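The block underneath contains the structure these notes are about, expressed in structure tokens.
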Amino acid sequence: MMTEPDLSSNYKPDFPTLTIQEAGAVREEILDETQYTLGRGFDCQLILADNNVSRHHAELKFDGTSWSITDLDSVNGTFVNTSPVSSVELKHMDTIQIGSAVLIFNDPHHPGEMEQWNNVEDPEASNFNFESMQRVIRRLEENIATVFKGNRQVIRDLIVCLMADGHLLLEDAPGVGKSLLAQTLAKSVQGKYKRIQFTPDMLPSDITGMNIYDDTKKDFRFLPGPIFGNVILADEINRTTPRTQSSLLECMSEAAITLDGKRHVLPKPFFVIATQNPGDYQGTYPLPEPQLDRFLMRLSIGYPTPEAEKAILDSQMTGHVLSRISYVIRSNDVLRCQALVRQVAVSDAIKEYMIAIADATRHHEALVNGISPRATLALMRCCQSLAVYNDRNYVTPEDVRSMLKPVLSHRLNLKLKAKAQWRSVDQLLEKIAESVKLKNEDNI
């Protein structure tokens, strides 16, 4: 006999869901009761039509605080995140495998690892302040560092880019953790995560969505594409053609798409993390300059140190470390942080310092082009975000110098004859930063 759902203060009106994939079909079940039996038997609440599933295979149960799954002595076992289990508490985005059926548990209201922060409960939106933002940043940083064992400065710059309301381009050799870093951030933030694997035959409609004809209503309806999410992983973006790459331009600059003359606004927060292999790899299409300019930052992870690589091996001895974490901040926290970043003080002297650096790139004989005012604005926004990361509400000259390479290097190109003198744009930016002096820097 089914029990009534426990509508206590811990139970949210937006019920969790279970996405079930079996035999090539996908369906979604709303978990609006507190107990479900999964199996092949007709008396089960969730029936799985697979001969490898026992008649009564497993039980889903809500205890008033969290959901758990218990194996009912099945023949072939129950697996959560590829590990066999007898009984385990479920987290948002956990993957359950029963026979050949795959079930994805979705519960954005489950506190998960946020329980450890209950003693420092975030204030409401009306009094969310810089102290609150520090707690949000530290939670996010610790959760990402649990999975990503590489350079901690990469984690810092990733968070700075997110809080500055920009988009991130990760460029490096295959296998150094670009996709893992993006997936870790997506799982750390409550919100919709979408992954787009770019291929040469992909079309713009595969990203943005399309209008399809609804025969029952005798009209067209919009079918959203994977771009409609909060954290978007655009994996190997330079594997697809420029036509498809350009479909991201409006999305990234205006957080909206226009299809058949109708504008569709994307949800906020909207954060694109694109990964690409270096241009000298075969089968790549270099991103055009307007597309590169939409990315607030470009980062390179690099190879880990021997100690970090050993930590990677140790962390994945018994399973993928990504399955051990859940989200630790809410999507609304990101929006509040992004609003606070804009309140960080930037003095006139700092603004003039950034403008002087921008002007130096526009007149440098080794560069094809200088940075645009949009790039200067991007530099200021990242400096504001970095200041909050460092627990300050004002920008310093050191913040500006720290953000020069990740914010500006992908927007500049060396002339052919200058490549013999300058090893890279990064080296040139270092020289420009040394040549542009700031008066009374110690007093700022």
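Every chain in the structure tokens has a letter given in the order shown (A, B, ...), and although residue numbers restart at 1 in each chain, ligands are simply numbered from 1 in the order shown.
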
List the spatial neighbours of Gln197 in chain A as a list in words - criterion: any atom at most 10 Å away, only C-alpha atoms, same-chain residues fewer than 6 positions off excluded. Ile207, Leu233, Ala234, Asp235, Glu236, Ile237, Arg239, Thr240 and Thr275 of chain A

Next, dump the selected residues to file, keeping only all heavy atoms, as an mmCIF file, in the first residue's frame.
data_model
loop_
_atom_site.group_PDB
_atom_site.id
_atom_site.type_symbol
_atom_site.label_atom_id
_atom_site.label_comp_id
_atom_site.auth_asym_id
_atom_site.auth_seq_id
_atom_site.Cartn_x
_atom_site.Cartn_y
_atom_site.Cartn_z
ATOM 1 N N ILE A 207 22.499 22.764 -31.879
ATOM 2 C CA ILE A 207 22.881 23.503 -30.672
ATOM 3 C C ILE A 207 21.728 24.357 -30.160
ATOM 4 O O ILE A 207 21.360 24.304 -28.997
ATOM 5 C CB ILE A 207 24.114 24.383 -30.952
ATOM 6 C CG1 ILE A 207 25.309 23.525 -31.354
ATOM 7 C CG2 ILE A 207 24.452 25.247 -29.748
ATOM 8 C CD1 ILE A 207 26.487 24.319 -31.845
ATOM 9 N N LEU A 233 28.899 22.669 -21.424
ATOM 10 C CA LEU A 233 30.227 22.199 -21.824
ATOM 11 C C LEU A 233 30.230 22.028 -23.338
ATOM 12 O O LEU A 233 29.577 21.126 -23.871
ATOM 13 C CB LEU A 233 30.565 20.881 -21.127
ATOM 14 C CG LEU A 233 31.842 20.177 -21.611
ATOM 15 C CD1 LEU A 233 33.057 21.097 -21.486
ATOM 16 C CD2 LEU A 233 32.073 18.889 -20.848
ATOM 17 N N ALA A 234 30.928 22.920 -24.029
ATOM 18 C CA ALA A 234 31.085 22.826 -25.484
ATOM 19 C C ALA A 234 32.414 22.114 -25.740
ATOM 20 O O ALA A 234 33.470 22.746 -25.811
ATOM 21 C CB ALA A 234 31.066 24.213 -26.108
ATOM 22 N N ASP A 235 32.349 20.799 -25.866
ATOM 23 C CA ASP A 235 33.553 19.974 -25.909
ATOM 24 C C ASP A 235 34.134 19.929 -27.323
ATOM 25 O O ASP A 235 33.431 19.656 -28.288
ATOM 26 C CB ASP A 235 33.235 18.554 -25.423
ATOM 27 C CG ASP A 235 34.448 17.877 -24.823
ATOM 28 O OD1 ASP A 235 35.444 18.567 -24.537
ATOM 29 O OD2 ASP A 235 34.405 16.654 -24.625
ATOM 30 N N GLU A 236 35.434 20.198 -27.411
ATOM 31 C CA GLU A 236 36.169 20.213 -28.680
ATOM 32 C C GLU A 236 35.467 21.104 -29.706
ATOM 33 O O GLU A 236 35.115 20.685 -30.796
ATOM 34 C CB GLU A 236 36.343 18.786 -29.213
ATOM 35 C CG GLU A 236 37.209 17.914 -28.329
ATOM 36 C CD GLU A 236 37.529 16.572 -28.958
ATOM 37 O OE1 GLU A 236 36.588 15.827 -29.275
ATOM 38 O OE2 GLU A 236 38.719 16.280 -29.125
ATOM 39 N N ILE A 237 35.314 22.364 -29.332
ATOM 40 C CA ILE A 237 34.557 23.312 -30.152
ATOM 41 C C ILE A 237 35.211 23.544 -31.511
ATOM 42 O O ILE A 237 34.522 23.886 -32.486
ATOM 43 C CB ILE A 237 34.387 24.648 -29.386
ATOM 44 C CG1 ILE A 237 33.378 25.550 -30.099
ATOM 45 C CG2 ILE A 237 35.713 25.334 -29.167
ATOM 46 C CD1 ILE A 237 33.038 26.802 -29.337
ATOM 47 N N ARG A 239 36.380 21.333 -33.413
ATOM 48 C CA ARG A 239 36.209 20.169 -34.288
ATOM 49 C C ARG A 239 35.077 20.376 -35.297
ATOM 50 O O ARG A 239 34.926 19.590 -36.227
ATOM 51 C CB ARG A 239 35.892 18.920 -33.462
ATOM 52 C CG ARG A 239 37.037 18.403 -32.631
ATOM 53 C CD ARG A 239 38.088 17.715 -33.464
ATOM 54 N NE ARG A 239 39.165 17.170 -32.663
ATOM 55 C CZ ARG A 239 40.312 16.729 -33.161
ATOM 56 N NH1 ARG A 239 40.524 16.795 -34.462
ATOM 57 N NH2 ARG A 239 41.247 16.257 -32.369
ATOM 58 N N THR A 240 34.275 21.415 -35.091
ATOM 59 C CA THR A 240 33.143 21.649 -35.972
ATOM 60 C C THR A 240 33.437 22.814 -36.905
ATOM 61 O O THR A 240 34.405 23.551 -36.736
ATOM 62 C CB THR A 240 31.862 21.912 -35.162
ATOM 63 O OG1 THR A 240 30.726 21.812 -36.003
ATOM 64 C CG2 THR A 240 31.893 23.293 -34.514
ATOM 65 N N THR A 275 36.051 23.671 -24.689
ATOM 66 C CA THR A 275 37.384 23.073 -24.721
ATOM 67 C C THR A 275 37.807 22.935 -26.172
ATOM 68 O O THR A 275 36.980 22.724 -27.067
ATOM 69 C CB THR A 275 37.409 21.694 -24.048
ATOM 70 O OG1 THR A 275 36.692 20.743 -24.859
ATOM 71 C CG2 THR A 275 36.789 21.745 -22.661
#

What's around Ile104 in chain A at 9 Å? Count only C-alpha atoms, leave out sequence neighbours fewer than 5 positions away in its own chain, and write the answer as an MDAnalysis selection string. chainID A and resid 17:21 92:97

From a DSSP calculation on the backbone, collect every residue of range 104-231 of chain A in alpha helix (DSSP H) and output the set as JSON, numbers by chain. {"A": [130, 131, 132, 133, 134, 135, 136, 137, 138, 139, 140, 141, 142, 143, 144, 145, 146, 147, 152, 153, 154, 155, 156, 157, 158, 159, 160, 161, 162, 163, 178, 179, 180, 181, 182, 183, 184, 185, 186, 187, 188, 205, 206, 207, 208]}

Excluding Gly166 in chain A and its own-chain neighbours fewer than 5 positions away, which residues fall within 10 Å of it when counting only C-alpha atoms? Please give them as an NGL selection string. :A and (160-161 or 252-253 or 270-273 or 294-297 or 338 or 378 or 381-382)

Selection file, C-alpha atoms, as a compact mmCIF listing (two decimals), in the first residue's frame:
# COMPACT_ATOMS: atom_id res chain seq x y z
CA VAL A 160 36.78 34.32 -11.26
CA CYS A 161 35.42 33.88 -14.78
CA MET A 252 27.31 34.00 -25.60
CA SER A 253 27.01 37.75 -26.07
CA PHE A 270 24.47 31.02 -18.35
CA PHE A 271 28.10 29.89 -18.42
CA VAL A 272 29.77 28.31 -21.45
CA ILE A 273 32.97 26.32 -20.93
CA ARG A 294 33.21 36.35 -26.77
CA PHE A 295 35.27 34.35 -24.29
CA LEU A 296 36.13 36.35 -21.20
CA MET A 297 39.16 34.13 -20.50
CA GLN A 338 27.74 38.25 -10.18
CA ALA A 378 36.40 42.36 -19.66
CA ARG A 381 35.24 42.86 -14.68
CA CYS A 382 37.74 40.05 -14.08

Go through A:Pro306, A:Gly319, A:Gly99, A:Gly41 one by one, measure the shortest atom-to-atom distance of each to Ala23 in chain A using only C-alpha atoms, and give the residue with the smallest value.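 Looking at the shortest contact to Ala23 in chain A, the residue is A:Gly99.
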
Counting only C-alpha atoms, which residue out of A:Leu248, A:Leu48, A:Val136, A:Cys383 sits closest to Ile329 in chain A?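 Selected residue with least distance to Ile329 in chain A: A:Val136.
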
As an NGL selection string, please: all residues of range 16-219 of chain A that backbone DSSP puts in strand (DSSP E or B). :A and (17-22 or 25-30 or 35-39 or 46-47 or 58-62 or 67-71 or 78-80 or 83-85 or 87-89 or 95-98 or 101-106 or 168-171 or 189 or 193-197 or 209-214 or 219)

Considering only C-alpha atoms, return as a PDB file with all heavy atoms, in the first residue's frame whatever protein or nucleic-acid residues lie within 9 Å of Gln183 in chain A, sequence-local ones (same chain, fewer than 4 positions apart) excluded.
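The resulting file, result-v5.pdb, is reproduced below:
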ATOM      1  N   LYS A 178      40.552  18.897 -19.198  1.00  0.00           N
ATOM      2  CA  LYS A 178      39.702  20.037 -19.578  1.00  0.00           C
ATOM      3  C   LYS A 178      38.227  19.717 -19.342  1.00  0.00           C
ATOM      4  O   LYS A 178      37.507  20.470 -18.673  1.00  0.00           O
ATOM      5  CB  LYS A 178      39.922  20.402 -21.052  1.00  0.00           C
ATOM      6  CG  LYS A 178      41.354  20.786 -21.414  1.00  0.00           C
ATOM      7  CD  LYS A 178      41.468  21.289 -22.825  1.00  0.00           C
ATOM      8  CE  LYS A 178      41.057  20.282 -23.879  1.00  0.00           C
ATOM      9  NZ  LYS A 178      41.945  19.109 -23.942  1.00  0.00           N
ATOM     10  N   SER A 179      37.778  18.594 -19.879  1.00  0.00           N
ATOM     11  CA  SER A 179      36.364  18.221 -19.724  1.00  0.00           C
ATOM     12  C   SER A 179      36.033  17.896 -18.273  1.00  0.00           C
ATOM     13  O   SER A 179      34.944  18.220 -17.787  1.00  0.00           O
ATOM     14  CB  SER A 179      36.026  17.020 -20.618  1.00  0.00           C
ATOM     15  OG  SER A 179      36.211  17.345 -21.981  1.00  0.00           O
ATOM     16  N   LYS A 187      28.717  20.092 -11.872  1.00  0.00           N
ATOM     17  CA  LYS A 187      28.109  19.285 -10.817  1.00  0.00           C
ATOM     18  C   LYS A 187      28.145  19.999  -9.470  1.00  0.00           C
ATOM     19  O   LYS A 187      27.376  19.671  -8.567  1.00  0.00           O
ATOM     20  CB  LYS A 187      28.826  17.935 -10.708  1.00  0.00           C
ATOM     21  CG  LYS A 187      27.998  16.879  -9.980  1.00  0.00           C
ATOM     22  CD  LYS A 187      28.550  15.492 -10.160  1.00  0.00           C
ATOM     23  CE  LYS A 187      27.642  14.457  -9.473  1.00  0.00           C
ATOM     24  NZ  LYS A 187      28.163  13.086  -9.575  1.00  0.00           N
ATOM     25  N   SER A 188      29.031  20.987  -9.329  1.00  0.00           N
ATOM     26  CA  SER A 188      29.150  21.722  -8.071  1.00  0.00           C
ATOM     27  C   SER A 188      28.103  22.818  -7.944  1.00  0.00           C
ATOM     28  O   SER A 188      27.882  23.336  -6.852  1.00  0.00           O
ATOM     29  CB  SER A 188      30.550  22.332  -7.944  1.00  0.00           C
ATOM     30  OG  SER A 188      31.545  21.335  -7.966  1.00  0.00           O
ATOM     31  N   TYR A 193      22.817  21.184 -16.412  1.00  0.00           N
ATOM     32  CA  TYR A 193      24.100  20.981 -17.075  1.00  0.00           C
ATOM     33  C   TYR A 193      23.854  20.311 -18.424  1.00  0.00           C
ATOM     34  O   TYR A 193      23.132  19.325 -18.517  1.00  0.00           O
ATOM     35  CB  TYR A 193      25.005  20.111 -16.207  1.00  0.00           C
ATOM     36  CG  TYR A 193      26.190  19.509 -16.941  1.00  0.00           C
ATOM     37  CD1 TYR A 193      27.161  20.312 -17.492  1.00  0.00           C
ATOM     38  CD2 TYR A 193      26.324  18.125 -17.070  1.00  0.00           C
ATOM     39  CE1 TYR A 193      28.255  19.767 -18.156  1.00  0.00           C
ATOM     40  CE2 TYR A 193      27.399  17.567 -17.723  1.00  0.00           C
ATOM     41  CZ  TYR A 193      28.364  18.392 -18.261  1.00  0.00           C
ATOM     42  OH  TYR A 193      29.432  17.854 -18.926  1.00  0.00           O
ATOM     43  N   ARG A 195      25.889  19.071 -22.124  1.00  0.00           N
ATOM     44  CA  ARG A 195      27.160  18.857 -22.825  1.00  0.00           C
ATOM     45  C   ARG A 195      26.898  18.754 -24.320  1.00  0.00           C
ATOM     46  O   ARG A 195      25.994  18.025 -24.748  1.00  0.00           O
ATOM     47  CB  ARG A 195      27.846  17.590 -22.321  1.00  0.00           C
ATOM     48  CG  ARG A 195      29.104  17.247 -23.107  1.00  0.00           C
ATOM     49  CD  ARG A 195      29.861  16.097 -22.495  1.00  0.00           C
ATOM     50  NE  ARG A 195      31.040  15.745 -23.286  1.00  0.00           N
ATOM     51  CZ  ARG A 195      32.077  15.084 -22.831  1.00  0.00           C
ATOM     52  NH1 ARG A 195      32.091  14.685 -21.577  1.00  0.00           N
ATOM     53  NH2 ARG A 195      33.099  14.795 -23.603  1.00  0.00           N
ATOM     54  N   VAL A 231      24.968  25.599 -17.133  1.00  0.00           N
ATOM     55  CA  VAL A 231      26.392  25.357 -17.388  1.00  0.00           C
ATOM     56  C   VAL A 231      26.492  24.485 -18.632  1.00  0.00           C
ATOM     57  O   VAL A 231      25.990  23.365 -18.652  1.00  0.00           O
ATOM     58  CB  VAL A 231      27.076  24.672 -16.187  1.00  0.00           C
ATOM     59  CG1 VAL A 231      28.554  24.441 -16.484  1.00  0.00           C
ATOM     60  CG2 VAL A 231      26.923  25.514 -14.931  1.00  0.00           C
ATOM     61  N   LEU A 233      28.899  22.669 -21.424  1.00  0.00           N
ATOM     62  CA  LEU A 233      30.227  22.199 -21.824  1.00  0.00           C
ATOM     63  C   LEU A 233      30.230  22.028 -23.338  1.00  0.00           C
ATOM     64  O   LEU A 233      29.577  21.126 -23.871  1.00  0.00           O
ATOM     65  CB  LEU A 233      30.565  20.881 -21.127  1.00  0.00           C
ATOM     66  CG  LEU A 233      31.842  20.177 -21.611  1.00  0.00           C
ATOM     67  CD1 LEU A 233      33.057  21.097 -21.486  1.00  0.00           C
ATOM     68  CD2 LEU A 233      32.073  18.889 -20.848  1.00  0.00           C
ATOM     69  N   LEU A 322      34.483  11.849  -9.810  1.00  0.00           N
ATOM     70  CA  LEU A 322      33.385  12.779 -10.091  1.00  0.00           C
ATOM     71  C   LEU A 322      32.070  12.309  -9.481  1.00  0.00           C
ATOM     72  O   LEU A 322      31.202  13.109  -9.150  1.00  0.00           O
ATOM     73  CB  LEU A 322      33.234  12.953 -11.607  1.00  0.00           C
ATOM     74  CG  LEU A 322      32.337  14.094 -12.097  1.00  0.00           C
ATOM     75  CD1 LEU A 322      32.894  15.441 -11.654  1.00  0.00           C
ATOM     76  CD2 LEU A 322      32.204  14.058 -13.610  1.00  0.00           C
TER      77      LEU A 322
END

Could you list, as a count of residues only, every residue within 12 Å of range 223-228 of chain A, counting only C-alpha atoms and ignoring same-chain residues fewer than 2 positions away? 48

Could you list, as an MDAnalysis selection string, every residue within 12 Å of Leu90 in chain A, counting only C-alpha atoms and ignoring same-chain residues fewer than 2 positions away? chainID A and resid 16 18 60:63 65:70 79:81 85 87:88 92:96 103:108 110:113 323:326

Nearest candidate to Ile350 in chain A (options A:Val321, A:Val102, A:Leu438, A:Leu185; using only C-alpha atoms):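 Of A:Val321, A:Val102, A:Leu438, A:Leu185, the one nearest Ile350 in chain A, counting only C-alpha atoms, is A:Leu438.
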
Using only C-alpha atoms, which protein or nucleic acid residues come within 12 Å of Thr305 in chain A? Drop anything in the same chain fewer than 3 positions from it, and give the result as JSON, numbers by chain. {"A": [149, 150, 151, 152, 176, 301, 302, 308, 309, 310, 311, 312]}

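Proximity ranking of A:Ile47, A:Ile155, A:Pro290, A:Ala418 relative to Arg138 in chain A places A:Ile155 first, based on only C-alpha atoms.
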
Select, from A:Ile30, A:Ala173, A:Ala356, A:Val147, the residue with the minimum atom-to-atom distance to Ser435 in chain A, counting only C-alpha atoms.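 Among the listed residues, the smallest separation from Ser435 in chain A belongs to A:Ala356.
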
Closest to Tyr394 in chain A among A:Arg330, A:Lys419, A:Arg342, A:His56, using only C-alpha atoms?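 Smallest distance to Tyr394 in chain A is found for A:Arg342.
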